[in-house]
Every structure is written in structure tokens, then in C-alpha cells.
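Asker: Structure supplied as start-v8.tsv; contents: TSV, C-alpha atoms.
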chain	number	residue	atom	x	y	z
P	1	MET	CA	-14.33	81.34	143.20
P	2	ILE	CA	-17.88	82.59	142.73
P	3	PHE	CA	-20.02	81.26	139.87
P	4	ARG	CA	-22.92	83.20	138.43
P	5	HIS	CA	-25.79	81.19	136.95
P	6	TYR	CA	-27.82	82.26	133.92
P	7	ASP	CA	-31.02	80.54	132.82
P	8	ILE	CA	-32.76	81.04	129.49
P	9	ASP	CA	-34.87	83.90	130.89
P	10	ASN	CA	-31.75	85.72	132.13
P	11	MET	CA	-30.09	85.39	128.73
P	12	SER	CA	-33.22	86.46	126.86
P	13	ALA	CA	-33.40	89.60	129.00
P	14	MET	CA	-29.85	90.68	128.14
P	15	GLU	CA	-29.35	93.75	125.95
P	16	ASN	CA	-28.87	92.53	122.38
P	17	ARG	CA	-25.21	93.48	121.86
P	18	TYR	CA	-24.26	92.28	125.34
P	19	ARG	CA	-25.98	88.92	124.70
P	20	THR	CA	-24.27	88.55	121.32
P	21	LYS	CA	-20.81	89.01	122.86
P	22	PHE	CA	-21.67	86.84	125.85
P	23	ILE	CA	-22.96	83.87	123.83
P	24	ASN	CA	-20.18	84.17	121.25
P	25	SER	CA	-17.61	83.81	124.04
P	26	LEU	CA	-19.03	80.51	125.34
P	27	SER	CA	-17.44	78.31	122.67
P	28	GLY	CA	-13.92	79.40	123.64
P	29	PHE	CA	-11.06	79.57	121.17
P	30	LYS	CA	-12.09	79.26	117.51
P	31	SER	CA	-10.08	79.04	114.32
P	32	VAL	CA	-10.00	82.24	112.32
P	33	ASN	CA	-9.83	82.18	108.53
P	34	LEU	CA	-10.24	84.46	105.56
P	35	ILE	CA	-12.54	83.19	102.81
P	36	GLY	CA	-11.66	84.45	99.37
P	37	THR	CA	-14.20	84.60	96.53
P	38	GLN	CA	-14.64	86.34	93.21
P	39	GLY	CA	-17.74	87.73	91.55
P	40	LEU	CA	-18.70	86.91	87.99
P	41	ASP	CA	-17.54	90.41	87.07
P	42	GLY	CA	-14.05	89.60	88.39
P	43	THR	CA	-14.31	91.65	91.59
P	44	PRO	CA	-12.36	89.87	94.38
P	45	ASN	CA	-13.84	89.53	97.85
P	46	VAL	CA	-12.34	88.46	101.16
P	47	ALA	CA	-14.08	88.12	104.53
P	48	ILE	CA	-13.17	86.79	107.96
P	49	PHE	CA	-14.93	83.73	109.47
P	50	SER	CA	-14.55	81.94	112.80
P	51	SER	CA	-16.79	78.95	112.06
P	52	VAL	CA	-14.64	76.81	109.73
P	53	VAL	CA	-14.70	73.13	110.80
P	54	HIS	CA	-13.21	69.86	109.54
P	55	LEU	CA	-15.84	67.44	108.22
P	56	GLY	CA	-13.84	64.52	106.83
P	57	ALA	CA	-10.48	63.46	105.41
P	58	SER	CA	-11.59	61.15	102.58
P	59	PRO	CA	-12.97	62.98	100.74
P	60	ALA	CA	-11.40	66.10	102.22
P	61	LEU	CA	-14.41	68.13	103.35
P	62	VAL	CA	-14.65	71.37	105.27
P	63	GLY	CA	-17.63	73.45	106.33
P	64	PHE	CA	-18.48	76.86	107.70
P	65	ILE	CA	-21.56	78.71	108.90
P	66	MET	CA	-23.05	81.59	106.95
P	67	ARG	CA	-25.39	83.91	108.77
P	68	PRO	CA	-28.96	84.41	107.48
P	69	ASP	CA	-29.07	85.50	103.84
P	70	ASN	CA	-30.24	89.11	103.95
P	71	GLY	CA	-29.57	89.73	100.27
P	72	ASP	CA	-26.24	91.39	101.05
P	73	ARG	CA	-23.96	88.38	101.63
P	74	HIS	CA	-21.25	88.91	99.01
P	75	THR	CA	-19.30	85.78	99.99
P	76	LEU	CA	-22.40	83.59	99.75
P	77	GLU	CA	-23.48	85.09	96.44
P	78	ASN	CA	-20.05	84.56	94.90
P	79	ILE	CA	-19.82	80.96	96.12
P	80	MET	CA	-23.26	80.11	94.78
P	81	LYS	CA	-22.44	81.58	91.36
P	82	THR	CA	-18.85	80.35	90.88
P	83	LYS	CA	-18.90	77.20	93.10
P	84	ASN	CA	-15.32	77.92	94.22
P	85	TYR	CA	-13.64	79.67	97.15
P	86	THR	CA	-10.44	79.68	99.18
P	87	ILE	CA	-9.84	79.34	102.92
P	88	ASN	CA	-6.77	81.08	104.31
P	89	GLN	CA	-5.51	80.75	107.89
P	90	VAL	CA	-4.79	84.01	109.71
P	91	SER	CA	-1.44	84.50	111.43
P	92	ALA	CA	-0.30	87.08	113.97
P	93	ASP	CA	1.49	88.96	111.20
P	94	PHE	CA	-1.73	90.26	109.65
P	95	TYR	CA	-4.62	89.62	112.06
P	96	GLN	CA	-5.56	93.31	112.23
P	97	ALA	CA	-5.90	93.52	108.47
P	98	ALA	CA	-7.93	90.29	108.56
P	99	HIS	CA	-10.27	91.77	111.18
P	100	GLN	CA	-10.84	94.84	108.99
P	101	THR	CA	-12.53	92.62	106.39
P	102	SER	CA	-15.48	92.22	108.79
P	103	ALA	CA	-16.51	95.79	107.89
P	104	ARG	CA	-19.64	96.07	105.74
P	105	TYR	CA	-18.21	97.32	102.47
P	106	GLU	CA	-20.29	98.00	99.37
P	107	ARG	CA	-20.77	95.16	96.89
P	108	ASP	CA	-18.32	96.58	94.35
P	109	ALA	CA	-15.59	97.28	96.94
P	110	ASN	CA	-12.35	95.32	96.84
P	111	GLU	CA	-11.81	94.19	100.44
P	112	PHE	CA	-8.23	93.24	99.68
P	113	ASP	CA	-7.43	96.86	98.85
P	114	LYS	CA	-9.51	98.20	101.73
P	115	SER	CA	-7.81	95.98	104.34
P	116	GLY	CA	-4.27	96.09	102.97
P	117	LEU	CA	-4.19	92.36	102.18
P	118	SER	CA	-2.83	90.97	98.89
P	119	ALA	CA	-4.90	88.86	96.49
P	120	GLN	CA	-3.03	85.92	94.98
P	121	ASN	CA	-4.34	84.16	91.87
P	122	ILE	CA	-3.03	80.64	91.22
P	123	ASP	CA	-3.51	78.51	88.09
P	124	ASN	CA	-6.57	80.40	86.88
P	125	PHE	CA	-8.62	79.28	89.89
P	126	ASN	CA	-11.59	81.66	89.96
P	127	ALA	CA	-11.20	82.68	93.59
P	128	PRO	CA	-8.28	84.58	95.13
P	129	PHE	CA	-5.97	83.30	97.84
P	130	VAL	CA	-4.57	85.59	100.53
P	131	LYS	CA	-0.88	85.98	99.72
P	132	GLU	CA	0.09	86.66	103.34
P	133	SER	CA	-1.40	83.36	104.58
P	134	ARG	CA	1.08	80.52	105.17
P	135	LEU	CA	-1.60	77.79	105.07
P	136	LYS	CA	-4.40	78.06	102.53
P	137	TYR	CA	-6.51	75.82	100.35
P	138	SER	CA	-8.95	75.99	97.47
P	139	VAL	CA	-12.44	74.57	97.94
P	140	LYS	CA	-15.18	73.45	95.55
P	141	LEU	CA	-18.77	73.85	96.75
P	142	LYS	CA	-20.51	70.51	97.34
P	143	GLU	CA	-23.63	71.32	99.35
P	144	ILE	CA	-25.46	74.12	101.16
P	145	VAL	CA	-27.49	72.87	104.12
P	146	PRO	CA	-30.16	75.19	105.55
P	147	ILE	CA	-30.32	75.26	109.35
P	148	THR	CA	-33.95	76.14	109.93
P	149	VAL	CA	-33.75	76.83	113.66
P	150	ASN	CA	-31.98	80.16	113.05
P	151	ASP	CA	-32.01	80.54	109.24
P	152	THR	CA	-28.24	80.11	108.90
P	153	LEU	CA	-26.57	78.06	106.17
P	154	PHE	CA	-23.92	75.37	106.50
P	155	ILE	CA	-21.60	75.63	103.48
P	156	ILE	CA	-19.84	72.34	102.69
P	157	GLY	CA	-16.97	72.09	100.24
P	158	GLU	CA	-14.27	69.70	99.07
P	159	ILE	CA	-10.63	70.75	99.40
P	160	THR	CA	-8.98	70.63	95.97
P	161	ARG	CA	-5.52	72.10	96.61
P	162	VAL	CA	-3.45	72.85	99.73
P	163	ILE	CA	-0.62	75.38	99.91
P	164	CYS	CA	1.46	75.32	103.08
P	165	ASP	CA	4.87	76.41	104.35
P	166	GLU	CA	6.73	73.10	104.04
P	167	GLN	CA	8.60	73.61	107.32
P	168	ALA	CA	5.30	73.23	109.20
P	169	ILE	CA	4.48	69.80	107.74
P	170	GLN	CA	5.72	66.99	109.98
P	171	PRO	CA	6.81	63.51	108.74
P	172	ASP	CA	3.53	61.91	109.91
P	173	GLY	CA	1.36	64.52	108.13
P	174	PHE	CA	0.65	66.69	111.17
P	175	ILE	CA	0.73	70.41	110.37
P	176	ASP	CA	2.27	72.48	113.14
P	177	ILE	CA	0.06	75.57	113.02
P	178	GLU	CA	1.94	77.07	115.95
P	179	TYR	CA	5.04	77.19	113.75
P	180	LEU	CA	2.92	79.16	111.28
P	181	ASN	CA	2.07	81.67	114.04
P	182	THR	CA	-1.62	80.95	113.44
P	183	VAL	CA	-3.99	82.89	115.69
P	184	SER	CA	-7.32	81.97	117.22
P	185	VAL	CA	-10.26	84.17	118.18
P	186	SER	CA	-12.60	84.18	121.17
P	187	GLY	CA	-15.87	86.03	121.14
P	188	LEU	CA	-16.08	88.41	118.21
P	189	ASP	CA	-12.91	90.45	118.52
P	190	SER	CA	-10.31	88.95	120.87
P	191	TYR	CA	-7.33	87.41	119.06
P	192	HIS	CA	-4.85	85.00	120.63
P	193	THR	CA	-1.57	83.29	119.91
P	194	THR	CA	-1.16	79.79	121.34
P	195	GLU	CA	1.33	77.70	123.30
P	196	SER	CA	1.39	73.96	122.68
P	197	LEU	CA	1.15	71.68	125.72
P	198	SER	CA	2.03	68.47	123.84
P	199	ARG	CA	0.90	65.96	121.26
P	200	LEU	CA	-0.49	62.75	122.73
P	201	SER	CA	-0.52	59.19	121.48
P	202	TYR	CA	-3.65	57.56	120.05
P	203	ALA	CA	-5.87	56.75	123.05
P	204	LYS	CA	-6.56	53.05	123.72
P	205	PRO	CA	-8.53	51.54	126.62
P	206	ASP	CA	-5.69	49.37	127.93
P	207	LEU	CA	-2.63	51.56	127.36
P	208	PRO	CA	-1.38	54.71	129.10
P	209	LEU	CA	-0.99	57.85	127.03
P	210	THR	CA	2.43	58.72	125.65
P	211	ILE	CA	3.66	62.27	125.12
P	212	LEU	CA	4.86	62.84	121.56
P	213	ASN	CA	7.20	65.35	120.00
P	214	THR	CA	5.82	67.74	117.40
P	215	ASN	CA	7.09	65.43	114.65
P	216	GLY	CA	5.10	62.48	116.06
P	217	THR	CA	7.96	60.58	117.69
P	218	ILE	CA	7.79	59.47	121.33
P	219	LYS	CA	9.17	62.08	123.70
P	220	VAL	CA	11.88	60.73	126.01
I need this file expressed as C-alpha cells, please.
Answerer:
Amino acid sequence: MIFRHYDIDNMSAMENRYRTKFINSLSGFKSVNLIGTQGLDGTPNVAIFSSVVHLGASPALVGFIMRPDNGDRHTLENIMKTKNYTINQVSADFYQAAHQTSARYERDANEFDKSGLSAQNIDNFNAPFVKESRLKYSVKLKEIVPITVNDTLFIIGEITRVICDEQAIQPDGFIDIEYLNTVSVSGLDSYHTTESLSRLSYAKPDLPLTILNTNGTIKV
């Protein structure tokens, strides 16, 4: 096995698109979600993101990174004006349609129609869910944190409702996303299905690990 080493000068000298793909691949597998919003004029919007992260369980907080505001960030504009949005996991059944939402459509375009996805409105919540998604949740904006080093924004919200295929929810609260056929993404455009190795017991200094079944019971 031969390893190639890159220092900061090597990376800075890379052609821009090559460097973007190279650096984006370093973080490995990432979750891939569709964020649904709605403009004040009622126009629905949906866009794919690979930066959604868990921030806390009580309260239930989730965050994602928004690239620099260039005045043409429809998702950001809608969230700032309505304070609400949805996050919808992408499964293998519709990952190509999800990827299509990364195209730069005009502000008045309906990305649901353009990509072939279906908008789902629930209980008058002023942001659409993705009907095809088997795990989705509504989010209320709590805070936008500027990241000055690269002019990105960290969008933080509180989860207000979760909708999930009940067969994926295990007795101990664990959600089996593999059952949902959830996909991950590496780099900017490589999509993957997963294969579970195992669940493991809570790690303690003086006890060996125990392999658990998907439902949280000890595997024998």
C-alpha cells in the first residue's frame, strides 16, 4: 500500500473543482437529507443537504451548514422569513430525484415538480414534507450562527414533530435506518446503501463490550 502525502501548499495548488471534490471526500460517509421550505407567497422549495447533524436530545436540536449567503439561497431566505422547515431522510427509492434538487433553479421554480418528488402538507405546517421519505421531521428555527472563517452559517432548529415508519422504531427507541433503506453520500455525488455490522453495548471502563441485536437485546 502506497500513501500519498498532501500538505497545505499541495492542496492550495489543486485546480478548484478537483480540490472541492477531494476535500469533500475526506469526511467519509455523510447523512443525506432533503430540507423542505415554503416562501411567503406559498411557493414550496426542496433542496438536498449532506451536513445535517444531531445537536442534543433534550431539547431535540438539529443543525446544518448553509453555504455563504450570495443573495440566491432560497432555503435560507424561506427559513429566515417563516422560521419553519422540514428535514426528510433520503432512501434508495428516490435518491436520484433527491440529487436533482441540487440544480440551481430559479426562485419561483417548484423543485418538487422539477425533480419528480411529492410535497406533503401536514396540519397546516408552513413547510412541506417529502411524501416519499419514510423518516421526516418538522423543525422550528432557534438560532443562526455565523461561521466567520468561511462565511458559512450554522442553522440550528428544534424538532417539533417526527414522522417515521413504525416498523423501524425499536423497543428501546433506536430507529433502524437500514430498514428504511436510507442512503448516505460521500463527496458530492456518490450515494451508498449500508450494511450494519452490529449494535454495541454502552461502553464502560471495566466491562467488555456486548454485541446487541437491532432491537437492543443481547445477542446470543
Asker: What does the structure give for the distance between atom CA of Ser133 of chain P and atom CA of Pro44 of chain P, in Å to one decimal?
Answerer: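 If I compute the distance from atom CA of Ser133 of chain P to atom CA of Pro44 of chain P, I get 16.3 Å.
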Asker: For a quick check of understanding, using only C-alpha atoms, which of P:Lys219, P:Lys83, P:His99, P:Lys136 has the smallest distance to Ser50 of chain P?
Answerer: P:His99
Asker: At a cut-off of 9 Å, using all atoms listed in the file, what residues contact segment 163-175 of chain P? Leave out same-chain residues fewer than 3 positions from it and give the result as a PyMOL selection string.
Answerer: chain P and resi 133-138+178-180+214-216
Asker: With all atoms listed in the file as the counted atoms, please give the residues lying no more than 12 Å from Val185 of chain P, apart from itself and same-chain residues fewer than 6 positions off, as a ChimeraX atom specification.
Answerer: /P:24-33,48-51,89-92,95-96,98-99,191-194
Asker: Suppose you want the space between atom CA of Asn78 of chain P and atom CA of Ile155 of chain P; what is it in Å?
Answerer: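 Distance between the two atoms: 12.5 Å.
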Asker: Go ahead and compute the interatomic distance for atom CA of Asn84 of chain P and atom CA of Asn126 of chain P, in Å to one decimal.
Answerer: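 Interatomic distance here is 6.8 Å.
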Asker: At a cut-off of 12 Å, using only C-alpha atoms, what residues contact Gly56 of chain P? Leave out same-chain residues fewer than 6 positions from it and give the result as a list in words.
Answerer: Val62, Gly63, Ile156, Gly157, Glu158 and Ile159 of chain P
Asker: May I have the selected residues written with C-alpha atoms, as a PDB file, in the coordinates of the input?
Answerer:
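So out16.pdb came out as:
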ATOM      1  CA  VAL P  62     -14.650  71.370 105.270  1.00  0.00           C
ATOM      2  CA  GLY P  63     -17.630  73.450 106.330  1.00  0.00           C
ATOM      3  CA  ILE P 156     -19.840  72.340 102.690  1.00  0.00           C
ATOM      4  CA  GLY P 157     -16.970  72.090 100.240  1.00  0.00           C
ATOM      5  CA  GLU P 158     -14.270  69.700  99.070  1.00  0.00           C
ATOM      6  CA  ILE P 159     -10.630  70.750  99.400  1.00  0.00           C
TER       7      ILE P 159
END
Asker: Which residue is closest to Leu34 of chain P? Choose from P:Lys81, P:Arg67, P:Lys131, P:His54 and count all atoms listed in the file.
Answerer: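 Comparing P:Lys81, P:Arg67, P:Lys131, P:His54 against Leu34 of chain P, the winner is P:Lys131.
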Asker: Pick the closest to Ala60 of chain P from P:Val139, P:Ile177, P:Leu153, P:Ile144: which is it, counting only C-alpha atoms?
Answerer: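 Distance minimum relative to Ala60 of chain P lands on P:Val139.
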Asker: Find the residue from P:Asn181, P:Ser186, P:Asn45, P:Thr75 that sits nearest to Leu117 of chain P; use only C-alpha atoms when measuring.
Answerer: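 Going through P:Asn181, P:Ser186, P:Asn45, P:Thr75 one by one, the smallest distance to Leu117 of chain P is for P:Asn45.
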Asker: Determine the nearest neighbour of Gly42 of chain P from the options P:Thr20, P:Asn110, P:Thr86, P:Gln100, counting all atoms listed in the file.
Answerer: P:Asn110
Asker: Just checking: using all atoms listed in the file, which residue out of P:Thr152, P:Arg107, P:Ile23, P:Glu195 ends up closest to Asp41 of chain P?
Answerer: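 Under the stated criterion, the closest residue is P:Arg107.
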